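Trainee: Input file: model.txt. Contents: compact mmCIF, C-alpha atoms and all ligand atoms.
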```
# COMPACT_ATOMS: atom_id res chain seq x y z
CA MET A 1 103.41 108.90 83.42
CA ALA A 2 103.94 107.18 86.75
CA ALA A 3 104.30 103.41 87.05
CA ILE A 4 101.91 101.36 89.17
CA ALA A 5 102.40 97.82 90.46
CA PHE A 6 98.98 96.13 90.69
CA ILE A 7 98.88 93.01 92.88
CA GLY A 8 95.81 90.72 92.83
CA LEU A 9 93.94 90.52 89.52
CA GLY A 10 90.71 88.77 90.39
CA ASN A 11 87.15 89.87 89.72
CA MET A 12 87.86 93.42 90.94
CA GLY A 13 91.60 93.87 90.42
CA SER A 14 91.54 93.09 86.67
CA PRO A 15 89.04 95.78 85.65
CA MET A 16 90.67 98.30 88.02
CA ALA A 17 94.11 97.66 86.48
CA ARG A 18 92.56 97.91 83.00
CA ASN A 19 91.22 101.41 83.77
CA LEU A 20 94.65 102.53 85.01
CA LEU A 21 96.16 101.27 81.75
CA LYS A 22 93.51 103.20 79.80
CA ALA A 23 94.41 106.33 81.81
CA GLY A 24 97.97 106.04 80.51
CA PHE A 25 99.82 104.60 83.52
CA GLN A 26 102.49 101.98 83.06
CA VAL A 27 101.04 99.03 85.01
CA ASN A 28 103.06 96.05 86.23
CA VAL A 29 100.72 93.21 87.20
CA TYR A 30 101.30 90.26 89.53
CA ASP A 31 99.00 87.51 90.77
CA ILE A 32 99.87 84.10 92.24
CA ASN A 33 97.48 82.83 89.56
CA ALA A 34 99.72 83.61 86.56
CA GLU A 35 96.82 83.21 84.12
CA ALA A 36 94.89 86.06 85.79
CA ALA A 37 97.82 88.44 85.23
CA ARG A 38 98.54 87.23 81.68
CA LYS A 39 95.04 88.21 80.54
CA LEU A 40 96.07 91.88 80.88
CA GLU A 41 99.22 91.56 78.79
CA LYS A 42 97.51 92.25 75.46
CA GLU A 43 96.04 95.41 76.98
CA GLY A 44 99.49 96.81 77.65
CA ALA A 45 100.31 95.59 81.17
CA THR A 46 103.78 94.31 82.02
CA VAL A 47 103.34 90.86 83.53
CA ALA A 48 105.69 90.25 86.47
CA SER A 49 106.71 86.79 87.61
CA SER A 50 107.19 87.81 91.24
CA LEU A 51 106.15 90.43 93.75
CA LYS A 52 109.69 91.82 93.62
CA ALA A 53 109.66 92.13 89.82
CA ALA A 54 106.25 93.83 89.94
CA VAL A 55 107.30 96.59 92.34
CA THR A 56 110.67 97.26 90.69
CA GLY A 57 110.47 100.72 89.14
CA ALA A 58 106.92 101.38 90.42
CA ASP A 59 106.22 104.53 92.42
CA THR A 60 102.76 103.34 93.55
CA VAL A 61 101.59 99.87 94.58
CA ILE A 62 97.91 98.88 94.68
CA THR A 63 96.86 95.57 96.24
CA MET A 64 93.44 93.95 95.69
CA LEU A 65 93.57 90.68 97.64
CA PRO A 66 90.91 88.42 99.17
CA ALA A 67 91.38 88.86 102.94
CA GLY A 68 93.50 90.16 105.83
CA GLN A 69 95.93 87.23 105.92
CA HIS A 70 96.85 87.75 102.24
CA VAL A 71 97.40 91.48 102.83
CA HIS A 72 99.51 90.75 105.93
CA ASP A 73 101.70 88.26 104.06
CA VAL A 74 102.12 90.41 100.96
CA TYR A 75 103.18 93.55 102.88
CA LEU A 76 104.98 92.07 105.90
CA GLY A 77 106.08 88.73 104.41
CA PRO A 78 104.88 85.24 105.34
CA LYS A 79 105.67 84.14 108.94
CA GLY A 80 109.41 84.35 109.60
CA GLN A 81 110.18 85.89 106.18
CA PRO A 82 109.84 89.68 106.56
CA GLU A 83 112.42 90.14 103.78
CA ALA A 84 109.81 88.74 101.32
CA GLY A 85 107.26 91.44 102.23
CA LEU A 86 106.49 94.44 100.03
CA LEU A 87 107.78 96.85 102.67
CA ASN A 88 111.25 95.40 102.17
CA LEU A 89 111.00 95.16 98.39
CA VAL A 90 109.85 98.63 97.31
CA SER A 91 112.18 101.58 96.82
CA SER A 92 112.00 104.58 99.13
CA GLY A 93 109.12 106.97 98.43
CA THR A 94 106.84 104.28 96.98
CA PHE A 95 103.19 104.95 97.83
CA LEU A 96 101.16 101.95 99.05
CA ILE A 97 97.39 101.53 98.61
CA ASP A 98 95.46 98.47 99.79
CA SER A 99 91.96 98.26 98.27
CA SER A 100 91.08 94.81 99.65
CA THR A 101 88.33 94.58 102.30
CA ILE A 102 90.06 93.43 105.50
CA ASP A 103 89.99 93.88 109.28
CA PRO A 104 90.94 97.37 110.50
CA ALA A 105 93.56 95.88 112.88
CA THR A 106 95.62 94.45 110.01
CA ALA A 107 95.26 97.71 108.07
CA LYS A 108 96.59 99.63 111.11
CA GLU A 109 99.40 97.11 111.61
CA VAL A 110 100.57 97.44 107.99
CA ALA A 111 100.28 101.27 108.19
CA SER A 112 102.43 101.34 111.31
CA HIS A 113 105.10 99.04 109.81
CA ALA A 114 105.07 101.16 106.66
CA LEU A 115 105.72 104.26 108.79
CA GLN A 116 108.73 102.52 110.36
CA HIS A 117 110.04 102.03 106.79
CA GLN A 118 109.26 105.72 106.06
CA LEU A 119 106.62 104.64 103.56
CA GLU A 120 103.09 106.01 103.18
CA PHE A 121 100.24 103.47 103.23
CA VAL A 122 96.46 103.91 103.01
CA ASP A 123 93.61 101.46 103.36
CA ALA A 124 91.25 102.22 100.46
CA PRO A 125 88.56 99.53 100.18
CA VAL A 126 86.00 99.96 97.43
CA SER A 127 82.27 99.76 96.86
CA GLY A 128 80.46 99.38 93.56
CA GLY A 129 81.07 95.76 92.58
CA VAL A 130 82.52 94.42 89.34
CA ALA A 131 80.23 96.68 87.27
CA GLY A 132 81.58 99.74 89.12
CA ALA A 133 85.15 98.51 88.67
CA GLU A 134 84.60 98.02 84.93
CA ALA A 135 82.94 101.41 84.49
CA GLY A 136 85.55 103.20 86.62
CA THR A 137 82.81 104.46 88.94
CA LEU A 138 83.91 102.78 92.18
CA THR A 139 83.63 104.50 95.54
CA PHE A 140 86.96 104.45 97.41
CA ILE A 141 86.85 104.74 101.21
CA VAL A 142 90.26 105.86 102.41
CA GLY A 143 91.88 105.59 105.85
CA GLY A 144 95.15 107.45 106.43
CA THR A 145 96.68 110.88 107.01
CA ASP A 146 95.39 113.98 105.16
CA ALA A 147 98.57 114.07 103.06
CA ALA A 148 98.29 110.39 102.15
CA PHE A 149 94.61 110.83 101.27
CA HIS A 150 95.41 113.62 98.80
CA ARG A 151 98.19 111.52 97.29
CA ALA A 152 95.79 108.55 96.97
CA GLU A 153 93.16 110.73 95.25
CA MET A 154 95.57 111.53 92.41
CA VAL A 155 95.73 107.83 91.48
CA LEU A 156 92.34 106.52 92.55
CA LYS A 157 90.38 109.12 90.54
CA HIS A 158 91.39 107.10 87.46
CA ALA A 159 89.56 104.00 88.78
CA GLY A 160 86.65 105.53 90.69
CA LYS A 161 84.17 108.37 90.91
CA ASN A 162 83.75 109.09 94.63
CA ILE A 163 86.74 109.14 96.94
CA PHE A 164 86.04 109.61 100.65
CA HIS A 165 88.43 110.23 103.53
CA ALA A 166 86.89 108.17 106.35
CA GLY A 167 89.56 109.05 108.96
CA PRO A 168 92.98 107.74 110.12
CA ALA A 169 94.52 104.35 109.28
CA GLY A 170 91.90 101.57 109.46
CA ALA A 171 88.91 103.96 109.20
CA GLY A 172 88.40 103.11 105.52
CA GLN A 173 88.04 99.44 106.45
CA MET A 174 85.66 100.18 109.31
CA ALA A 175 83.38 102.24 107.05
CA LYS A 176 83.46 99.54 104.37
CA ILE A 177 82.55 96.85 106.94
CA CYS A 178 79.52 98.92 108.05
CA ASN A 179 78.50 99.38 104.41
CA ASN A 180 78.68 95.67 103.63
CA LEU A 181 76.71 94.73 106.73
CA MET A 182 73.93 96.97 105.42
CA LEU A 183 74.31 95.53 101.90
CA ALA A 184 73.92 91.95 103.19
CA VAL A 185 70.79 92.92 105.14
CA GLN A 186 69.39 94.60 102.02
CA MET A 187 70.19 91.55 99.91
CA ALA A 188 68.48 89.21 102.38
CA GLY A 189 65.50 91.58 102.55
CA ALA A 190 65.21 91.78 98.76
CA CYS A 191 65.39 87.97 98.42
CA GLU A 192 62.75 87.56 101.13
CA ALA A 193 60.32 90.16 99.75
CA ILE A 194 60.58 89.02 96.11
CA ASN A 195 60.14 85.37 97.14
CA LEU A 196 57.12 86.27 99.28
CA GLY A 197 55.56 88.06 96.30
CA MET A 198 56.25 85.15 93.95
CA GLU A 199 54.81 82.61 96.39
CA ASN A 200 51.66 84.74 96.41
CA GLY A 201 51.25 85.03 92.68
CA LEU A 202 53.17 88.21 91.83
CA ASP A 203 55.50 88.59 88.87
CA PRO A 204 59.00 89.29 90.30
CA LYS A 205 59.74 91.97 87.67
CA VAL A 206 56.47 93.80 88.29
CA LEU A 207 57.01 93.60 92.06
CA SER A 208 60.61 94.83 91.70
CA ASP A 209 59.47 97.78 89.56
CA ILE A 210 56.86 98.67 92.17
CA MET A 211 59.36 98.50 95.06
CA LEU A 212 61.86 100.56 93.06
CA GLN A 213 59.37 103.44 93.00
CA SER A 214 58.27 102.85 96.59
CA SER A 215 59.80 103.06 100.05
CA GLY A 216 61.52 99.67 99.71
CA ARG A 217 63.89 101.08 97.07
CA ASN A 218 67.58 100.24 97.62
CA TRP A 219 70.91 99.51 95.84
CA VAL A 220 70.15 95.79 95.44
CA LEU A 221 66.86 96.48 93.64
CA GLU A 222 68.41 99.26 91.55
CA LEU A 223 71.49 97.41 90.31
CA TYR A 224 71.69 93.83 91.54
CA ASN A 225 68.26 92.18 91.54
CA PRO A 226 68.76 88.64 92.96
CA CYS A 227 65.89 86.98 91.05
CA PRO A 228 66.94 85.43 87.71
CA GLY A 229 65.46 87.12 84.65
CA VAL A 230 64.46 90.38 86.31
CA MET A 231 67.61 92.33 85.43
CA GLU A 232 69.44 91.32 82.28
CA ASN A 233 73.00 92.13 83.37
CA ALA A 234 72.81 91.12 87.04
CA PRO A 235 74.71 87.98 88.16
CA ALA A 236 71.29 86.37 88.90
CA SER A 237 70.57 86.31 85.15
CA LYS A 238 74.00 84.80 84.38
CA GLY A 239 73.82 81.68 86.55
CA TYR A 240 75.04 83.64 89.62
CA GLN A 241 78.57 83.97 88.17
CA PRO A 242 80.47 86.36 90.47
CA GLY A 243 80.47 89.31 90.83
CA PHE A 244 81.02 89.21 94.52
CA MET A 245 81.45 85.70 95.86
CA SER A 246 79.30 84.54 98.78
CA LYS A 247 82.46 83.53 100.66
CA LEU A 248 83.69 87.14 100.50
CA MET A 249 80.36 88.41 101.86
CA LEU A 250 80.60 85.91 104.73
CA LYS A 251 84.14 87.17 105.41
CA ASP A 252 82.91 90.79 105.51
CA LEU A 253 80.01 89.93 107.83
CA GLY A 254 82.54 88.15 110.08
CA LEU A 255 84.57 91.38 110.17
CA GLY A 256 81.38 93.18 111.20
CA MET A 257 80.80 90.68 114.02
CA ASP A 258 84.42 91.08 115.24
CA ALA A 259 84.02 94.86 115.32
CA ALA A 260 80.70 94.54 117.17
CA LEU A 261 82.25 92.27 119.80
CA GLN A 262 85.09 94.71 120.37
CA SER A 263 82.77 97.69 120.85
CA GLN A 264 80.02 95.65 122.57
CA THR A 265 77.53 96.87 119.93
CA ALA A 266 74.26 95.08 119.15
CA VAL A 267 74.05 93.99 115.48
CA PRO A 268 71.05 91.62 115.34
CA MET A 269 70.33 92.07 111.61
CA GLY A 270 73.99 91.65 110.67
CA ALA A 271 74.26 88.53 112.83
CA LEU A 272 71.21 87.04 111.12
CA ALA A 273 72.60 87.88 107.70
CA ARG A 274 75.95 86.30 108.65
CA ASN A 275 74.19 83.10 109.70
CA LEU A 276 72.17 83.02 106.46
CA TYR A 277 75.40 83.28 104.46
CA ALA A 278 77.09 80.65 106.65
CA PHE A 279 74.23 78.19 105.87
CA HIS A 280 74.20 79.20 102.21
CA ASN A 281 77.96 78.72 101.81
CA ALA A 282 77.86 75.39 103.65
CA ASN A 283 75.42 74.28 100.95
CA GLY A 284 78.11 74.67 98.30
CA ASN A 285 77.57 78.30 97.26
CA GLU A 286 80.89 79.81 98.39
CA GLN A 287 82.14 80.58 94.88
CA ARG A 288 78.78 81.77 93.53
CA ASP A 289 77.68 85.39 93.52
CA PHE A 290 76.28 86.61 96.86
CA SER A 291 72.88 87.26 95.24
CA SER A 292 72.49 83.46 94.92
CA LEU A 293 71.11 83.73 98.47
CA PHE A 294 67.82 84.04 96.58
CA GLU A 295 67.90 80.25 96.06
CA PHE A 296 68.08 79.78 99.82
CA TYR A 297 64.56 81.24 99.92
CA HIS A 298 63.10 80.12 96.63
CA GLY A 299 65.12 77.22 95.22
CA GLU A 300 66.32 77.27 91.63
CA VAL A 301 64.41 79.43 89.14
CA LYS A 302 64.19 77.98 85.64
CA GLN A 303 64.73 80.86 83.16
P1 LIG B 401 89.08 87.46 93.84
O1 LIG B 401 89.23 86.25 94.70
O2 LIG B 401 88.36 87.39 92.53
O3 LIG B 401 90.56 88.07 93.52
C1 LIG B 401 91.65 88.05 94.42
C2 LIG B 401 92.93 87.81 93.62
O4 LIG B 401 94.07 87.89 94.51
C3 LIG B 401 92.98 86.40 92.99
O5 LIG B 401 93.23 86.51 91.58
C4 LIG B 401 94.13 85.70 93.72
O6 LIG B 401 94.84 84.77 92.92
C5 LIG B 401 95.01 86.90 94.10
N1 LIG B 401 95.93 86.63 95.19
C6 LIG B 401 95.73 85.97 96.36
N2 LIG B 401 96.85 85.95 97.12
C7 LIG B 401 97.80 86.61 96.40
C8 LIG B 401 99.17 86.94 96.64
N3 LIG B 401 99.78 86.54 97.76
N4 LIG B 401 99.85 87.62 95.70
C9 LIG B 401 99.24 88.00 94.53
N5 LIG B 401 97.94 87.73 94.25
C10 LIG B 401 97.23 87.04 95.17
O7 LIG B 401 88.43 88.57 94.77
P2 LIG B 401 87.72 89.95 94.31
O8 LIG B 401 86.27 89.72 94.12
O9 LIG B 401 88.54 90.59 93.25
O10 LIG B 401 87.85 90.78 95.69
C11 LIG B 401 89.09 91.34 96.12
C12 LIG B 401 88.82 92.16 97.38
O11 LIG B 401 87.88 93.20 97.08
C13 LIG B 401 88.20 91.33 98.53
O12 LIG B 401 88.73 91.78 99.75
C14 LIG B 401 86.71 91.66 98.41
O13 LIG B 401 86.05 91.50 99.66
C15 LIG B 401 86.75 93.09 97.93
N6 LIG B 401 85.58 93.53 97.16
C16 LIG B 401 85.03 92.75 96.17
C17 LIG B 401 83.92 93.21 95.46
C18 LIG B 401 83.28 92.39 94.36
O14 LIG B 401 82.17 92.75 93.91
N7 LIG B 401 83.89 91.30 93.90
C19 LIG B 401 83.40 94.48 95.72
C20 LIG B 401 83.99 95.27 96.69
C21 LIG B 401 85.09 94.78 97.40
```
Starting from the file, lay out its structure as structure tokens.
Mentor:
Amino acid sequence: MAAIAFIGLGNMGSPMARNLLKAGFQVNVYDINAEAARKLEKEGATVASSLKAAVTGADTVITMLPAGQHVHDVYLGPKGQPEAGLLNLVSSGTFLIDSSTIDPATAKEVASHALQHQLEFVDAPVSGGVAGAEAGTLTFIVGGTDAAFHRAEMVLKHAGKNIFHAGPAGAGQMAKICNNLMLAVQMAGACEAINLGMENGLDPKVLSDIMLQSSGRNWVLELYNPCPGVMENAPASKGYQPGFMSKLMLKDLGLGMDAALQSQTAVPMGALARNLYAFHNANGNEQRDFSSLFEFYHGEVKQ
């Protein structure tokens, strides 16, 4: 079976790497936080002490990093050190997949540098959250050539359920940014509606059940209810442990604003959601799950 180097083993990367191990791949893991990588050792992963060691012998590399700057530095090397970048460390023919959510411009830049090195690269951000990563049911949204998309499918089907080809390099990121803008608006809407109901005497679980069978139904209500105690396994019922950190949602909404500025597109709801998350994060919620926005409306709920 082929060998995969998996770089970035945070909330999403760890369960994704675990599913690839279960599928029978040899998986070399590397994270600047050595502890994050070591957790996968007992499940069969080979823990690498450097980026170079991780990609040695791997025919596919998957990165799952926080933001564009990390992806830039990992693939192209930190400023003035291109020799330290993945593109100079992998052997010829290695296939490169970045599943982080980043700006389309960086995705296109990495794809174009990869081409100069005669390497194939796709942007393949994901949707589905930690639960989707654990269950292997993620949606992958791929940007790249037709050939690269088909090559990506062969690997990504072991970590996800739906794999879409959004278009050329960067298109996966653009589609993901649009999706997360809508997710943030839905999250803010769910927080607002549930809080309004509670302030007017409704039970949040009863109200949520009603909205789930009514026209307000959406992904947040189905899988990620932001009110503590309504949904047993949601981050809201586990002290807002991430999950998906509020600081990452603010990053994604910023990517949406950048795209809107470039295309001169009106995004009033996204802009409002970005400002809500900027306030929320400034109040010390950066590392908490993004559904903790509920407290912005309601304050703390004693369970
Ligand atoms: P995270 O912060 O939990 O994990 C990122 C990992 O990357 C960390 O372990 C960090 O140590 C590591 N890292 C940073 N720089 C590195 C480097 N130079 N080399 C090696 N490792 C490095 O973040 P996450 O929640 O796993 O999210 C990862 C990406 O996926 C983000 O772009 C996020 O927006 C996106 N995403 C997250 C979710 C979610 O629900 N958490 C869902 C969809 C998409």
Trainee: Which of these, A:Leu293, A:Leu276, A:Ala260, A:Leu253, has the shortest distance to ligand LIG 401 (chain B) once you count only C-alpha atoms and all ligand atoms?
Mentor: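 Checking each of A:Leu293, A:Leu276, A:Ala260, A:Leu253 against ligand LIG 401 (chain B), counting only C-alpha atoms and all ligand atoms, the winner is A:Leu253.
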Trainee: So, counting all atoms listed in the file, which residue among A:Gly44, A:Gly243, A:Pro78, A:Gly170 is closest to ligand LIG 401 (chain B)?
Mentor: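 Looking at the shortest contact to ligand LIG 401 (chain B), the residue is A:Gly243.
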Trainee: Return the single residue from A:Leu65, A:Pro204, A:Met174, A:Glu192 that is closest to Asn11 (chain A), with distances computed using only C-alpha atoms.
Mentor: A:Leu65
Trainee: Point out the residue among A:His72, A:Gln186, A:Gly10, A:Ala259 with the least atom-to-atom distance to Tyr224 (chain A), counting only C-alpha atoms.
Mentor: A:Gln186
Trainee: Taking all atoms listed in the file into account, which of A:Gly143, A:Gly229, A:Gly201, A:Gly256 comes nearest Asp103 (chain A)?
Mentor: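 So, comparing all the options, the nearest one is A:Gly256.
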Trainee: Go through the chains and note each residue within 6 Å of ligand LIG 401 (chain B), using only C-alpha atoms and all ligand atoms, then give the set as an NGL selection string.
Mentor: :A and (7-13 or 30-33 or 64-67 or 70 or 74 or 100-101 or 126-127 or 129-130 or 243-244 or 248)
Trainee: With only C-alpha atoms as the basis for distance, which of A:Ser112, A:Asn180, A:Asn275, A:Asn200 is at the shortest distance from Trp219 (chain A)?
Mentor: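 Of all the options, A:Asn180 lies closest to Trp219 (chain A).
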Trainee: Enumerate, as number ranges by chain, the protein, DNA and RNA residues whose atoms approach (80.8, 88.0, 104.9) to within 10 Å, taking into account only C-alpha atoms and the coordinate frame of the file.
Mentor: A: 177, 180-181, 184, 245-257, 270, 273-275, 277-278, 290
Trainee: Between CA of Gly93 (chain A) and CA of Thr60 (chain A), what distance in Å does the model show, to one decimal?
Mentor: 8.8 Å
Trainee: Distance CA of Gln118 (chain A)-CA of His165 (chain A), one decimal place?
Mentor: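 Separation of CA of Gln118 (chain A) and CA of His165 (chain A): 21.5 Å.
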Trainee: Quick one: residues within 12 Å of Lys157 (chain A), only C-alpha atoms counted, chain neighbours fewer than 4 positions away excluded, as a ChimeraX atom specification?
Mentor: /A:16,19-20,23,133,136-140,149-153,161-164
Trainee: Provide the CA of Ser92 (chain A) to CA of His117 (chain A) distance in Å, to one decimal place.
Mentor: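 Taking CA of Ser92 (chain A) as the start and CA of His117 (chain A) as the end point, the length is 8.3 Å.
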Trainee: List the neighbours of Cys191 (chain A) out to 9 Å using all atoms listed in the file; skip same-chain residues closer than 4 positions along the sequence, and give me the result as JSON, numbers by chain.
Mentor: {"A": [186, 187, 195, 196, 225, 226, 227, 291, 293, 294, 295, 296, 297, 298]}
Trainee: Can you tell me, as an NGL selection string, which residues sit within 9 Å of (101.9, 88.1, 82.7) in the file's frame, using all atoms listed in the file?
Mentor: :A and (28-31 or 34-41 or 45-49)
Trainee: Working from the structure I just supplied, which lacks atoms in region 9-22 of chain A, can you model N, CA and C atoms there and output them as a short mmCIF file (atom, residue, chain, number, x, y, z; two decimals), keeping the file's coordinate frame?
Mentor:
```cif
data_model
loop_
_atom_site.label_atom_id
_atom_site.label_comp_id
_atom_site.auth_asym_id
_atom_site.auth_seq_id
_atom_site.Cartn_x
_atom_site.Cartn_y
_atom_site.Cartn_z
N LEU A 9 94.70 90.18 90.73
CA LEU A 9 93.94 90.52 89.52
C LEU A 9 92.73 89.62 89.37
N GLY A 10 91.93 89.58 90.41
CA GLY A 10 90.71 88.77 90.39
C GLY A 10 89.56 89.55 89.80
N ASN A 11 88.36 89.25 90.28
CA ASN A 11 87.15 89.87 89.72
C ASN A 11 87.21 91.39 89.76
N MET A 12 87.79 91.96 90.81
CA MET A 12 87.86 93.42 90.94
C MET A 12 89.18 93.99 90.41
N GLY A 13 90.28 93.34 90.77
CA GLY A 13 91.60 93.87 90.42
C GLY A 13 91.80 94.01 88.91
N SER A 14 91.33 93.04 88.13
CA SER A 14 91.54 93.09 86.67
C SER A 14 90.90 94.34 86.05
N PRO A 15 89.60 94.58 86.27
CA PRO A 15 89.04 95.78 85.65
C PRO A 15 89.63 97.08 86.20
N MET A 16 90.05 97.08 87.46
CA MET A 16 90.67 98.30 88.02
C MET A 16 92.01 98.56 87.32
N ALA A 17 92.81 97.50 87.15
CA ALA A 17 94.11 97.66 86.48
C ALA A 17 93.91 98.10 85.03
N ARG A 18 92.86 97.57 84.40
CA ARG A 18 92.56 97.91 83.00
C ARG A 18 92.27 99.42 82.88
N ASN A 19 91.52 99.98 83.83
CA ASN A 19 91.22 101.41 83.77
C ASN A 19 92.46 102.26 83.98
N LEU A 20 93.40 101.79 84.80
CA LEU A 20 94.65 102.53 85.01
C LEU A 20 95.50 102.50 83.74
N LEU A 21 95.45 101.36 83.04
CA LEU A 21 96.16 101.27 81.75
C LEU A 21 95.55 102.27 80.76
N LYS A 22 94.20 102.29 80.72
CA LYS A 22 93.51 103.20 79.80
C LYS A 22 93.84 104.65 80.11
#
```
